[in-house]
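Data from data-v5.pdb: PDB, C-alpha atoms
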```
ATOM      1  CA  MET A   1       0.000   0.000   0.000
ATOM      2  CA  ASP A   2       1.557   3.350  -0.922
ATOM      3  CA  ILE A   3       1.875   6.274   1.433
ATOM      4  CA  GLU A   4      -1.071   8.243   0.043
ATOM      5  CA  GLN A   5      -3.360   5.205   0.275
ATOM      6  CA  GLN A   6      -2.344   4.836   3.918
ATOM      7  CA  ILE A   7      -2.924   8.505   4.641
ATOM      8  CA  ARG A   8      -6.360   8.304   2.993
ATOM      9  CA  GLN A   9      -7.235   5.215   5.016
ATOM     10  CA  LEU A  10      -6.417   7.098   8.215
ATOM     11  CA  ALA A  11      -8.277  10.215   7.058
ATOM     12  CA  ARG A  12     -11.538   8.327   6.509
ATOM     13  CA  SER A  13     -11.362   6.530   9.862
ATOM     14  CA  PRO A  14     -14.131   7.543  12.306
ATOM     15  CA  TYR A  15     -11.546   8.434  14.970
ATOM     16  CA  TRP A  16      -9.756  11.043  12.865
ATOM     17  CA  LEU A  17     -12.924  12.338  11.212
ATOM     18  CA  ASN A  18     -14.534  12.917  14.614
ATOM     19  CA  LEU A  19     -11.380  14.548  15.950
ATOM     20  CA  TYR A  20     -11.229  16.793  12.876
ATOM     21  CA  LYS A  21     -14.883  17.791  13.264
ATOM     22  CA  SER A  22     -14.419  18.495  16.969
ATOM     23  CA  SER A  23     -11.257  20.519  16.402
ATOM     24  CA  LYS A  24     -13.218  22.785  14.036
ATOM     25  CA  GLU A  25     -16.032  23.226  16.548
ATOM     26  CA  ILE A  26     -13.891  23.458  19.690
ATOM     27  CA  GLY A  27     -10.804  25.537  19.042
ATOM     28  CA  THR A  28      -8.781  24.028  21.890
ATOM     29  CA  ILE A  29      -8.630  20.500  20.426
ATOM     30  CA  GLN A  30      -5.370  19.907  18.580
ATOM     31  CA  LEU A  31      -4.971  17.351  15.802
ATOM     32  CA  PHE A  32      -1.186  17.170  15.918
ATOM     33  CA  GLU A  33       1.564  17.598  18.497
ATOM     34  CA  ASN A  34       2.891  20.606  16.566
ATOM     35  CA  ILE A  35       0.589  23.599  16.188
ATOM     36  CA  SER A  36       2.398  25.189  13.235
ATOM     37  CA  ASN A  37       4.971  24.416  10.540
ATOM     38  CA  TYR A  38       2.976  21.411   9.283
ATOM     39  CA  SER A  39       4.868  18.859   7.240
ATOM     40  CA  GLY A  40       3.876  17.993   3.672
ATOM     41  CA  LEU A  41       2.420  14.704   4.936
ATOM     42  CA  GLN A  42       0.332  16.548   7.540
ATOM     43  CA  ASN A  43      -0.965  18.948   4.878
ATOM     44  CA  LEU A  44      -1.871  16.019   2.659
ATOM     45  CA  PHE A  45      -3.658  14.385   5.603
ATOM     46  CA  LEU A  46      -5.604  17.602   6.343
ATOM     47  CA  PHE A  47      -6.620  17.789   2.684
ATOM     48  CA  TRP A  48      -8.022  14.234   2.761
ATOM     49  CA  LEU A  49      -9.756  14.827   6.093
ATOM     50  CA  SER A  50     -11.690  17.715   4.524
ATOM     51  CA  VAL A  51     -12.479  15.645   1.409
ATOM     52  CA  TYR A  52     -13.816  12.670   3.399
ATOM     53  CA  GLU A  53     -15.788  14.941   5.685
ATOM     54  CA  SER A  54     -17.521  16.443   2.637
ATOM     55  CA  LEU A  55     -18.143  12.977   1.161
ATOM     56  CA  TYR A  56     -19.765  11.685   4.352
ATOM     57  CA  GLN A  57     -21.916  14.833   4.489
ATOM     58  CA  ASP A  58     -23.039  14.237   0.896
ATOM     59  CA  LEU A  59     -23.726  10.597   1.737
ATOM     60  CA  ALA A  60     -25.826  11.529   4.772
ATOM     61  CA  GLN A  61     -27.853  13.954   2.677
ATOM     62  CA  GLN A  62     -28.158  11.382  -0.142
ATOM     63  CA  GLU A  63     -27.195  14.112  -2.520
ATOM     64  CA  TRP A  64     -25.765  11.914  -5.274
ATOM     65  CA  LYS A  65     -27.200   8.757  -6.800
ATOM     66  CA  TYR A  66     -23.816   7.088  -7.290
ATOM     67  CA  LEU A  67     -22.305   7.813  -3.877
ATOM     68  CA  ASP A  68     -22.383   5.063  -1.292
ATOM     69  CA  GLU A  69     -20.136   3.674   1.465
ATOM     70  CA  LYS A  70     -18.394   1.319  -1.008
ATOM     71  CA  VAL A  71     -17.314   4.270  -3.159
ATOM     72  CA  ILE A  72     -15.779   6.049  -0.163
ATOM     73  CA  GLU A  73     -13.871   2.935   0.915
ATOM     74  CA  ASN A  74     -12.278   2.537  -2.528
ATOM     75  CA  ASP A  75      -9.634   5.126  -3.493
ATOM     76  CA  ILE A  76     -10.001   4.734  -7.255
ATOM     77  CA  ARG A  77     -13.794   4.996  -7.083
ATOM     78  CA  THR A  78     -13.498   7.995  -4.764
ATOM     79  CA  ASP A  79     -11.153   9.753  -7.218
ATOM     80  CA  ALA A  80     -13.596   9.033 -10.016
ATOM     81  CA  PHE A  81     -16.533  10.294  -7.976
ATOM     82  CA  LEU A  82     -14.704  13.495  -6.949
ATOM     83  CA  TYR A  83     -13.921  14.247 -10.597
ATOM     84  CA  TRP A  84     -17.485  13.520 -11.682
ATOM     85  CA  ARG A  85     -18.908  15.625  -8.812
ATOM     86  CA  SER A  86     -16.705  18.591  -9.740
ATOM     87  CA  LYS A  87     -17.957  18.363 -13.359
ATOM     88  CA  MET A  88     -21.583  18.180 -12.193
ATOM     89  CA  ARG A  89     -21.088  21.239  -9.978
ATOM     90  CA  GLU A  90     -19.455  23.137 -12.859
ATOM     91  CA  GLN A  91     -22.451  22.277 -15.003
ATOM     92  CA  ASP A  92     -24.891  23.400 -12.285
ATOM     93  CA  LEU A  93     -23.057  26.699 -11.965
ATOM     94  CA  LEU A  94     -23.156  27.188 -15.726
ATOM     95  CA  ASN A  95     -26.897  26.478 -15.814
ATOM     96  CA  TYR A  96     -27.491  28.871 -12.921
ATOM     97  CA  LYS A  97     -25.569  31.665 -14.660
ATOM     98  CA  ARG A  98     -27.533  31.036 -17.857
ATOM     99  CA  GLU A  99     -30.820  31.232 -15.957
ATOM    100  CA  GLN A 100     -29.724  34.453 -14.272
ATOM    101  CA  LYS A 101     -28.928  35.927 -17.688
ATOM    102  CA  VAL A 102     -32.385  35.033 -18.959
ATOM    103  CA  SER A 103     -34.177  36.350 -15.891
ATOM    104  CA  LYS A 104     -32.455  39.732 -16.301
ATOM    105  CA  LEU A 105     -33.845  40.073 -19.826
ATOM    106  CA  ASN A 106     -37.333  41.524 -19.909
ATOM    107  CA  PHE A 107     -39.196  38.979 -22.024
ATOM    108  CA  LYS A 108     -42.934  38.416 -21.905
ATOM    109  CA  ASP A 109     -42.460  34.680 -21.444
ATOM    110  CA  ASN A 110     -39.086  33.748 -19.904
ATOM    111  CA  LYS A 111     -39.782  30.021 -20.106
ATOM    112  CA  ASN A 112     -39.655  29.988 -23.897
ATOM    113  CA  VAL A 113     -36.315  31.764 -24.202
ATOM    114  CA  SER A 114     -32.932  30.235 -24.988
ATOM    115  CA  THR A 115     -29.624  32.080 -24.835
ATOM    116  CA  PHE A 116     -26.374  31.576 -26.668
ATOM    117  CA  ASN A 117     -23.047  33.377 -26.892
ATOM    118  CA  VAL A 118     -22.301  35.352 -30.060
ATOM    119  CA  ASP A 119     -18.792  36.305 -31.034
ATOM    120  CA  PHE A 120     -19.047  39.704 -32.774
ATOM    121  CA  ASN A 121     -15.344  39.889 -33.618
TER     122      ASN A 121
ATOM    123  CA  MET B   1      22.975   5.830  -6.881
ATOM    124  CA  SER B   2      20.853   7.534  -9.575
ATOM    125  CA  ASP B   3      17.965   9.910  -8.761
ATOM    126  CA  PHE B   4      15.591   7.249 -10.124
ATOM    127  CA  ASP B   5      16.992   4.643  -7.693
ATOM    128  CA  ILE B   6      16.843   7.043  -4.728
ATOM    129  CA  LEU B   7      13.218   7.872  -5.508
ATOM    130  CA  ASN B   8      12.291   4.198  -5.879
ATOM    131  CA  GLU B   9      14.117   3.241  -2.691
ATOM    132  CA  SER B  10      12.483   6.105  -0.826
ATOM    133  CA  MET B  11       9.018   4.913  -1.851
ATOM    134  CA  ALA B  12       9.830   1.288  -1.037
ATOM    135  CA  ASN B  13      11.241   2.252   2.398
ATOM    136  CA  LEU B  14       8.116   4.066   3.439
ATOM    137  CA  GLU B  15       5.843   1.383   2.053
ATOM    138  CA  ARG B  16       7.771  -1.235   4.016
ATOM    139  CA  ASN B  17       7.274   0.719   7.231
ATOM    140  CA  ASN B  18       4.298  -0.499   9.156
ATOM    141  CA  PHE B  19       2.351   2.707   8.758
ATOM    142  CA  ASP B  20       0.506   4.103  11.710
ATOM    143  CA  ASP B  21      -0.355   7.667  12.576
ATOM    144  CA  SER B  22       3.167   8.446  13.851
ATOM    145  CA  LEU B  23       4.053   9.947  10.473
ATOM    146  CA  ILE B  24       1.388  12.610  10.799
ATOM    147  CA  LYS B  25       1.209  13.074  14.583
ATOM    148  CA  ASP B  26       4.029  15.603  14.438
ATOM    149  CA  ASN B  27       6.286  17.192  11.837
ATOM    150  CA  LYS B  28       9.131  14.694  12.159
ATOM    151  CA  ILE B  29       9.984  11.241  10.770
ATOM    152  CA  CYS B  30      12.088   8.775  12.790
ATOM    153  CA  PHE B  31      14.177   6.038  11.179
ATOM    154  CA  ILE B  32      16.829   3.502  12.184
ATOM    155  CA  VAL B  33      20.208   2.975  10.504
ATOM    156  CA  ASN B  34      22.748   0.517  11.970
ATOM    157  CA  GLU B  35      20.689   0.237  15.158
ATOM    158  CA  ASN B  36      20.878   3.977  15.810
ATOM    159  CA  LEU B  37      17.767   6.118  15.983
ATOM    160  CA  TYR B  38      17.648   9.181  13.747
ATOM    161  CA  ARG B  39      14.988  11.694  12.805
ATOM    162  CA  VAL B  40      14.405  14.361  10.202
ATOM    163  CA  ARG B  41      12.332  17.363  11.237
ATOM    164  CA  MET B  42      10.711  20.281   9.464
ATOM    165  CA  PRO B  43      13.057  23.240   9.030
ATOM    166  CA  ASN B  44      12.243  26.522  10.762
ATOM    167  CA  GLN B  45      12.142  29.814   8.862
ATOM    168  CA  GLY B  46      15.744  30.696   9.677
ATOM    169  CA  GLU B  47      16.953  27.327   8.392
ATOM    170  CA  GLN B  48      14.927  27.694   5.220
ATOM    171  CA  SER B  49      16.454  31.135   4.602
ATOM    172  CA  LEU B  50      19.930  29.723   5.216
ATOM    173  CA  ALA B  51      19.324  26.854   2.744
ATOM    174  CA  GLU B  52      17.984  29.311   0.147
ATOM    175  CA  HIS B  53      21.041  31.525   0.609
ATOM    176  CA  GLN B  54      23.362  28.546   0.166
ATOM    177  CA  ARG B  55      21.411  27.495  -2.933
ATOM    178  CA  ASN B  56      21.917  30.965  -4.439
ATOM    179  CA  LEU B  57      25.654  30.745  -3.785
ATOM    180  CA  GLU B  58      25.664  27.282  -5.343
ATOM    181  CA  GLN B  59      23.886  28.666  -8.402
ATOM    182  CA  LEU B  60      26.658  31.221  -8.911
ATOM    183  CA  SER B  61      29.209  28.434  -8.579
ATOM    184  CA  TYR B  62      27.370  26.128 -11.031
ATOM    185  CA  LEU B  63      27.114  28.909 -13.586
ATOM    186  CA  LYS B  64      30.914  29.178 -13.673
ATOM    187  CA  GLN B  65      31.304  25.429 -14.194
ATOM    188  CA  GLU B  66      31.917  23.926 -17.606
ATOM    189  CA  GLY B  67      28.885  22.006 -18.877
ATOM    190  CA  CYS B  68      26.380  24.025 -16.870
ATOM    191  CA  ILE B  69      23.124  23.756 -18.769
ATOM    192  CA  THR B  70      19.659  25.224 -18.140
ATOM    193  CA  LYS B  71      16.453  23.219 -18.421
ATOM    194  CA  ASN B  72      15.478  24.762 -21.759
ATOM    195  CA  GLN B  73      18.947  24.192 -23.230
ATOM    196  CA  LEU B  74      18.917  20.577 -22.066
ATOM    197  CA  ILE B  75      15.456  19.999 -23.564
ATOM    198  CA  LEU B  76      16.829  21.258 -26.887
ATOM    199  CA  GLN B  77      19.921  19.061 -26.671
ATOM    200  CA  LEU B  78      17.836  16.016 -25.765
ATOM    201  CA  LYS B  79      15.576  16.710 -28.737
ATOM    202  CA  ASN B  80      18.598  16.727 -31.054
ATOM    203  CA  SER B  81      19.593  13.327 -29.705
ATOM    204  CA  GLY B  82      16.141  11.865 -30.232
ATOM    205  CA  ILE B  83      14.488  12.408 -26.816
ATOM    206  CA  ASP B  84      11.591  14.811 -27.215
ATOM    207  CA  ILE B  85      10.538  16.060 -23.762
ATOM    208  CA  ASP B  86       7.748  18.249 -25.204
ATOM    209  CA  LYS B  87       6.323  15.189 -26.945
ATOM    210  CA  LEU B  88       6.502  13.201 -23.713
ATOM    211  CA  GLU B  89       4.637  16.038 -21.975
ATOM    212  CA  GLU B  90       1.998  16.001 -24.732
ATOM    213  CA  GLU B  91       1.601  12.250 -24.270
ATOM    214  CA  ARG B  92       1.086  12.852 -20.547
ATOM    215  CA  THR B  93      -1.634  15.402 -21.315
ATOM    216  CA  GLU B  94      -3.368  12.892 -23.590
ATOM    217  CA  LEU B  95      -3.093  10.171 -20.952
ATOM    218  CA  THR B  96      -4.582  12.521 -18.360
ATOM    219  CA  LYS B  97      -7.556  13.117 -20.679
ATOM    220  CA  GLU B  98      -7.946   9.355 -21.038
ATOM    221  CA  LEU B  99      -7.783   8.980 -17.249
ATOM    222  CA  LYS B 100     -10.553  11.564 -16.792
ATOM    223  CA  LYS B 101     -12.687   9.725 -19.334
ATOM    224  CA  TYR B 102     -12.428   6.510 -17.323
ATOM    225  CA  TRP B 103     -13.049   8.389 -14.042
ATOM    226  CA  PHE B 104     -16.265   9.717 -15.534
ATOM    227  CA  LEU B 105     -17.341   6.230 -16.644
ATOM    228  CA  LEU B 106     -16.447   4.630 -13.304
ATOM    229  CA  ALA B 107     -18.204   7.337 -11.268
ATOM    230  CA  THR B 108     -21.533   6.552 -12.889
ATOM    231  CA  VAL B 109     -21.412   2.795 -12.324
ATOM    232  CA  ASP B 110     -23.644   1.379  -9.613
ATOM    233  CA  SER B 111     -21.883  -0.508  -6.793
ATOM    234  CA  THR B 112     -23.703  -3.721  -7.796
ATOM    235  CA  ASN B 113     -22.079  -3.765 -11.253
ATOM    236  CA  LYS B 114     -18.815  -5.437 -10.178
ATOM    237  CA  ASN B 115     -17.617  -6.345 -13.689
ATOM    238  CA  LYS B 116     -17.675  -2.762 -14.937
ATOM    239  CA  ILE B 117     -16.076  -1.506 -11.717
ATOM    240  CA  THR B 118     -13.188  -3.964 -12.151
ATOM    241  CA  GLU B 119     -12.826  -3.213 -15.862
ATOM    242  CA  TYR B 120     -12.652   0.580 -15.414
ATOM    243  CA  SER B 121     -10.563   0.400 -12.222
ATOM    244  CA  ASP B 122      -7.950  -1.794 -13.951
ATOM    245  CA  LYS B 123      -7.777   0.615 -16.862
ATOM    246  CA  ILE B 124      -7.337   3.559 -14.472
ATOM    247  CA  LYS B 125      -4.539   1.761 -12.584
ATOM    248  CA  GLU B 126      -2.813   0.999 -15.891
ATOM    249  CA  ILE B 127      -2.969   4.653 -17.021
ATOM    250  CA  GLN B 128      -1.796   5.902 -13.622
ATOM    251  CA  ASN B 129       1.222   3.563 -13.742
ATOM    252  CA  ILE B 130       2.180   4.781 -17.206
ATOM    253  CA  LEU B 131       1.816   8.392 -15.998
ATOM    254  CA  LYS B 132       3.970   7.710 -12.916
ATOM    255  CA  ASN B 133       6.743   6.149 -15.017
ATOM    256  CA  SER B 134       6.540   8.979 -17.506
ATOM    257  CA  VAL B 135       6.961  11.607 -14.753
ATOM    258  CA  MET B 136       9.947   9.724 -13.326
ATOM    259  CA  ASN B 137      11.569   9.293 -16.738
ATOM    260  CA  ILE B 138      11.235  12.990 -17.535
ATOM    261  CA  ALA B 139      12.730  13.854 -14.113
ATOM    262  CA  VAL B 140      15.699  11.574 -14.797
ATOM    263  CA  TYR B 141      16.270  13.033 -18.288
ATOM    264  CA  LEU B 142      16.236  16.546 -16.836
ATOM    265  CA  SER B 143      18.318  15.790 -13.728
ATOM    266  CA  PRO B 144      21.598  17.221 -15.162
ATOM    267  CA  CYS B 145      20.059  20.675 -15.733
ATOM    268  CA  LEU B 146      20.770  23.668 -13.505
ATOM    269  CA  GLU B 147      17.251  23.838 -12.059
ATOM    270  CA  SER B 148      17.197  20.137 -11.076
ATOM    271  CA  ARG B 149      20.709  20.312  -9.616
ATOM    272  CA  LEU B 150      19.762  23.341  -7.517
ATOM    273  CA  GLU B 151      16.607  21.630  -6.279
ATOM    274  CA  SER B 152      18.645  18.561  -5.401
ATOM    275  CA  PHE B 153      21.243  20.735  -3.631
ATOM    276  CA  TYR B 154      18.496  22.462  -1.609
ATOM    277  CA  ILE B 155      17.047  19.149  -0.404
ATOM    278  CA  LYS B 156      20.526  17.859   0.462
ATOM    279  CA  TYR B 157      21.398  21.013   2.379
ATOM    280  CA  MET B 158      18.096  20.897   4.231
ATOM    281  CA  THR B 159      18.749  17.230   5.085
ATOM    282  CA  TYR B 160      22.191  18.174   6.438
ATOM    283  CA  ILE B 161      20.572  20.796   8.710
ATOM    284  CA  CYS B 162      17.485  18.847   9.799
ATOM    285  CA  THR B 163      18.781  15.323  10.510
ATOM    286  CA  GLU B 164      19.351  14.475  14.168
ATOM    287  CA  LYS B 165      20.528  11.415  16.100
ATOM    288  CA  GLN B 166      19.299  10.315  19.489
ATOM    289  CA  VAL B 167      22.130  10.175  22.023
ATOM    290  CA  ASN B 168      21.307   9.674  25.727
ATOM    291  CA  ASN B 169      17.706  10.758  25.178
ATOM    292  CA  GLU B 170      18.803  13.953  23.452
ATOM    293  CA  TRP B 171      18.577  14.836  19.790
ATOM    294  CA  ILE B 172      21.836  16.124  18.379
ATOM    295  CA  LYS B 173      22.810  17.211  14.860
ATOM    296  CA  VAL B 174      24.392  14.342  12.901
ATOM    297  CA  TRP B 175      26.926  16.114  10.702
ATOM    298  CA  ASN B 176      29.167  19.010  11.702
ATOM    299  CA  THR B 177      29.758  20.190   8.153
ATOM    300  CA  PHE B 178      28.066  19.813   4.751
ATOM    301  CA  GLU B 179      31.213  18.020   3.557
ATOM    302  CA  ASP B 180      30.737  15.397   6.300
ATOM    303  CA  PHE B 181      27.166  14.902   5.083
ATOM    304  CA  ASN B 182      28.315  14.439   1.485
ATOM    305  CA  LYS B 183      30.748  11.702   2.558
ATOM    306  CA  ASP B 184      28.061   9.766   4.469
ATOM    307  CA  ASP B 185      26.340   7.954   1.565
ATOM    308  CA  ILE B 186      24.125   5.372   3.290
ATOM    309  CA  LEU B 187      22.776   7.498   6.125
ATOM    310  CA  GLY B 188      22.663  10.564   3.858
ATOM    311  CA  ASN B 189      20.481   8.888   1.208
ATOM    312  CA  THR B 190      18.094   7.448   3.801
ATOM    313  CA  ALA B 191      17.757  10.853   5.450
ATOM    314  CA  ILE B 192      17.174  12.532   2.041
ATOM    315  CA  SER B 193      14.373  10.037   1.280
ATOM    316  CA  ASN B 194      12.657  10.743   4.583
ATOM    317  CA  LEU B 195      13.006  14.507   4.328
ATOM    318  CA  THR B 196      11.630  14.442   0.774
ATOM    319  CA  TRP B 197       8.513  12.738   2.131
ATOM    320  CA  LEU B 198       8.288  15.132   5.044
ATOM    321  CA  LEU B 199       8.404  18.131   2.702
ATOM    322  CA  LEU B 200       5.981  16.490   0.240
ATOM    323  CA  ASN B 201       4.166  19.138  -1.853
ATOM    324  CA  LYS B 202       5.745  21.923   0.194
ATOM    325  CA  ARG B 203       8.389  22.684  -2.459
TER     326      ARG B 203
END
```
Rewrite the structure of this file - the entire thing - as structure tokens.
Amino acid sequence: MDIEQQIRQLARSPYWLNLYKSSKEIGTIQLFENISNYSGLQNLFLFWLSVYESLYQDLAQQEWKYLDEKVIENDIRTDAFLYWRSKMREQDLLNYKREQKVSKLNFKDNKNVSTFNVDFN
Amino acid sequence: MSDFDILNESMANLERNNFDDSLIKDNKICFIVNENLYRVRMPNQGEQSLAEHQRNLEQLSYLKQEGCITKNQLILQLKNSGIDIDKLEEERTELTKELKKYWFLLATVDSTNKNKITEYSDKIKEIQNILKNSVMNIAVYLSPCLESRLESFYIKYMTYICTEKQVNNEWIKVWNTFEDFNKDDILGNTAISNLTWLLLNKR
């Protein structure tokens, strides 16, 4: 098992996830013995703690059809899901911006309007 | 020992270690060589400034040396001898696109569909291995250039400063001078490997 796999395994463990959550809520709880000058490995660990926390939140809220416990336990499937989720969020943002554009235009019937970009150059 | 070997040995060493949370509990890594306990620790700001200063001095010295070559010059020379770094980089970009394609496919497979999960996961592992080898090969090709040599010098200097040995329950600096460090191949290389991991993504 390589070092990143091991760090990810630790980061998704209930012990560390609970400690991480508590340290955010209660400022006096420390994750590490050092309080500054984090090593690269510690930074990587903090990154994965935040990722797994967000994944478990999404799972609890049943936000995504393809996210389940088995995905989170498998690094390759997690990577794939994180990429797919980022693309879905990009798409949502794009749709939202498009809708905002339409709603700012004063049409009689906004529902029957489509927008597109025109390059005038 | 080539850079490629050091990198491989460094990865193997850490993978051999029975990993627990000691590697992330504080900003130090302990290791044993010849039954003595050593550690590498994160440098403080003063030590980082000192290492950067020494690297700048080293740069001036390298520039005066015969055969000193910058990254861009080396890429050009390699191209003339049939090794096209730009093409290798392009291949990496294409492979990354391929990887993303398989991530997208795998992400939308239901957990009950084990065959598809295995098929896509195997493909992803295969692409990731090719990418890893490609990155290491490019690093080895470019290792003689000024930029790589300076980076290597910086890590070595930092290792010289930040490696300590436990003597009577006290941590003391291992080498008195940088020259002493350079002579100590076995311990030096092990310490470099550990410090490289400790600094991971911080350079």
Residues selected by the ChimeraX specification (/A :<8) & /B, written as a PDB file with C-alpha atoms, in the coordinates of the input:
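Below you can see result.pdb, which holds the result:
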```
ATOM      1  CA  MET B  11       9.018   4.913  -1.851  1.00  0.00           C
ATOM      2  CA  LEU B  14       8.116   4.066   3.439  1.00  0.00           C
ATOM      3  CA  GLU B  15       5.843   1.383   2.053  1.00  0.00           C
ATOM      4  CA  PHE B  19       2.351   2.707   8.758  1.00  0.00           C
ATOM      5  CA  ASP B  21      -0.355   7.667  12.576  1.00  0.00           C
ATOM      6  CA  LEU B  23       4.053   9.947  10.473  1.00  0.00           C
ATOM      7  CA  ILE B  24       1.388  12.610  10.799  1.00  0.00           C
ATOM      8  CA  LYS B  25       1.209  13.074  14.583  1.00  0.00           C
ATOM      9  CA  ASP B  26       4.029  15.603  14.438  1.00  0.00           C
ATOM     10  CA  ASN B  27       6.286  17.192  11.837  1.00  0.00           C
ATOM     11  CA  LYS B  28       9.131  14.694  12.159  1.00  0.00           C
ATOM     12  CA  MET B  42      10.711  20.281   9.464  1.00  0.00           C
ATOM     13  CA  ASN B  44      12.243  26.522  10.762  1.00  0.00           C
ATOM     14  CA  LYS B 100     -10.553  11.564 -16.792  1.00  0.00           C
ATOM     15  CA  TYR B 102     -12.428   6.510 -17.323  1.00  0.00           C
ATOM     16  CA  TRP B 103     -13.049   8.389 -14.042  1.00  0.00           C
ATOM     17  CA  PHE B 104     -16.265   9.717 -15.534  1.00  0.00           C
ATOM     18  CA  LEU B 106     -16.447   4.630 -13.304  1.00  0.00           C
ATOM     19  CA  ALA B 107     -18.204   7.337 -11.268  1.00  0.00           C
ATOM     20  CA  THR B 108     -21.533   6.552 -12.889  1.00  0.00           C
ATOM     21  CA  VAL B 109     -21.412   2.795 -12.324  1.00  0.00           C
ATOM     22  CA  ASP B 110     -23.644   1.379  -9.613  1.00  0.00           C
ATOM     23  CA  SER B 111     -21.883  -0.508  -6.793  1.00  0.00           C
ATOM     24  CA  SER B 121     -10.563   0.400 -12.222  1.00  0.00           C
ATOM     25  CA  ILE B 124      -7.337   3.559 -14.472  1.00  0.00           C
ATOM     26  CA  TRP B 197       8.513  12.738   2.131  1.00  0.00           C
ATOM     27  CA  LEU B 198       8.288  15.132   5.044  1.00  0.00           C
ATOM     28  CA  LEU B 199       8.404  18.131   2.702  1.00  0.00           C
ATOM     29  CA  LEU B 200       5.981  16.490   0.240  1.00  0.00           C
ATOM     30  CA  ASN B 201       4.166  19.138  -1.853  1.00  0.00           C
ATOM     31  CA  LYS B 202       5.745  21.923   0.194  1.00  0.00           C
TER      32      LYS B 202
END
```
Next on the checklist: Taking (-0.4, 15.2, -19.2) as a centre in this file's frame and 12 Å as the limit, can you find every polymer residue with an atom that close, using all atoms listed in the file, and give them as JSON, numbers by chain?
Outcome noted: {"B": [85, 86, 87, 88, 89, 90, 91, 92, 93, 94, 95, 96, 97, 98, 99, 100, 127, 128, 130, 131, 132, 134, 135, 138]}
Item to check | Separation of CA of Met136 (chain B) from CA of Arg12 (chain A) in Å | outcome: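 Calculated distance between CA of Arg12 (chain A) and CA of Met136 (chain B) is 29.3 Å.
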Next on the checklist: Please compute the CA of Gln166 (chain B)-CA of Glu52 (chain B) distance, one decimal, in Å.
Outcome noted: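 CA of Glu52 (chain B) lies 27.1 Å from CA of Gln166 (chain B).
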Next on the checklist: If we draw a sphere of 10 Å around (18.4, 29.3, 4.3), which residues have at least one atom in it when counting only C-alpha atoms? Please report them as a VMD selection string.
Outcome noted: chain B and resid 43 to 56 154 157 to 158 161
Next on the checklist: What does the structure give for the distance between CA of Ser148 (chain B) and CA of Ile69 (chain B), in Å to one decimal?
Outcome noted: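 Rounded to one decimal, the two atoms are 10.4 Å apart.
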Checklist entry - So, counting only C-alpha atoms, which residue among B:Val174, B:Leu60, B:Ile192, B:Leu105 is closest to Tyr120 (chain B)? => result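 Ranking B:Val174, B:Leu60, B:Ile192, B:Leu105 by distance to Tyr120 (chain B), first place goes to B:Leu105.
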Item to check | Selected residue, from B:Glu147, B:Glu170, B:Asp180, B:Asp185, that lies nearest to Thr70 (chain B) when counting only C-alpha atoms | outcome: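 Of B:Glu147, B:Glu170, B:Asp180, B:Asp185, the one nearest Thr70 (chain B) is B:Glu147, counting only C-alpha atoms.
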Next on the checklist: So that I can check the surroundings of Lys21 (chain A), please list as a PyMOL selection string every protein, DNA and RNA residue that reaches within 12 Å of it, counting only C-alpha atoms and ignoring chain neighbours fewer than 2 positions away.
Outcome noted: chain A and resi 11+14-19+23-27+29-31+46+49-50+52-54+56-57
Next on the checklist: Given the PyMOL selection byres ((chain B and resi 167-169) around 12) and the file above, list the residues it selects as a VMD selection string.
Outcome noted: chain B and resid 36 to 39 164 to 166 170 to 174
Checklist entry - Which of these, B:Val33, B:Leu150, B:Ala191, B:Leu142, has the shortest distance to Leu76 (chain B) once you count only C-alpha atoms? => result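 Looking only at the distances to Leu76 (chain B), the closest residue turns out to be B:Leu142.
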Using all atoms of region 156-167 of chain B listed in the file and a margin of 5 Å per side, can you give the axis-aligned box centre and edge lengths in Å to one decimal, as AutoDock Vina command-line options?
```
--center_x 19.8 --center_y 15.6 --center_z 11.2 --size_x 14.7 --size_y 20.8 --size_z 31.6
```
Please complete region 57-64 of chain B so it has N, CA and C atoms, and hand it over as a PDB file, keeping the file's coordinate frame.
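File written: rebuild-v9.pdb
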```pdb
ATOM      1  N   LEU B  57      24.192  30.765  -3.625  1.00  0.00           N
ATOM      2  CA  LEU B  57      25.654  30.745  -3.785  1.00  0.00           C
ATOM      3  C   LEU B  57      26.067  29.603  -4.705  1.00  0.00           C
ATOM      4  N   GLU B  58      25.372  28.465  -4.529  1.00  0.00           N
ATOM      5  CA  GLU B  58      25.664  27.282  -5.343  1.00  0.00           C
ATOM      6  C   GLU B  58      25.341  27.566  -6.816  1.00  0.00           C
ATOM      7  N   GLN B  59      24.276  28.320  -7.020  1.00  0.00           N
ATOM      8  CA  GLN B  59      23.886  28.666  -8.402  1.00  0.00           C
ATOM      9  C   GLN B  59      25.018  29.446  -9.079  1.00  0.00           C
ATOM     10  N   LEU B  60      25.564  30.426  -8.350  1.00  0.00           N
ATOM     11  CA  LEU B  60      26.658  31.221  -8.911  1.00  0.00           C
ATOM     12  C   LEU B  60      27.845  30.322  -9.243  1.00  0.00           C
ATOM     13  N   SER B  61      28.088  29.349  -8.365  1.00  0.00           N
ATOM     14  CA  SER B  61      29.209  28.434  -8.579  1.00  0.00           C
ATOM     15  C   SER B  61      28.951  27.524  -9.783  1.00  0.00           C
ATOM     16  N   TYR B  62      27.717  26.992  -9.893  1.00  0.00           N
ATOM     17  CA  TYR B  62      27.370  26.128 -11.031  1.00  0.00           C
ATOM     18  C   TYR B  62      27.529  26.864 -12.354  1.00  0.00           C
ATOM     19  N   LEU B  63      27.092  28.140 -12.339  1.00  0.00           N
ATOM     20  CA  LEU B  63      27.114  28.909 -13.586  1.00  0.00           C
ATOM     21  C   LEU B  63      28.528  29.067 -14.140  1.00  0.00           C
ATOM     22  N   LYS B  64      29.514  29.030 -13.229  1.00  0.00           N
ATOM     23  CA  LYS B  64      30.914  29.178 -13.673  1.00  0.00           C
ATOM     24  C   LYS B  64      31.489  27.853 -14.175  1.00  0.00           C
TER      25      LYS B  64
END
```
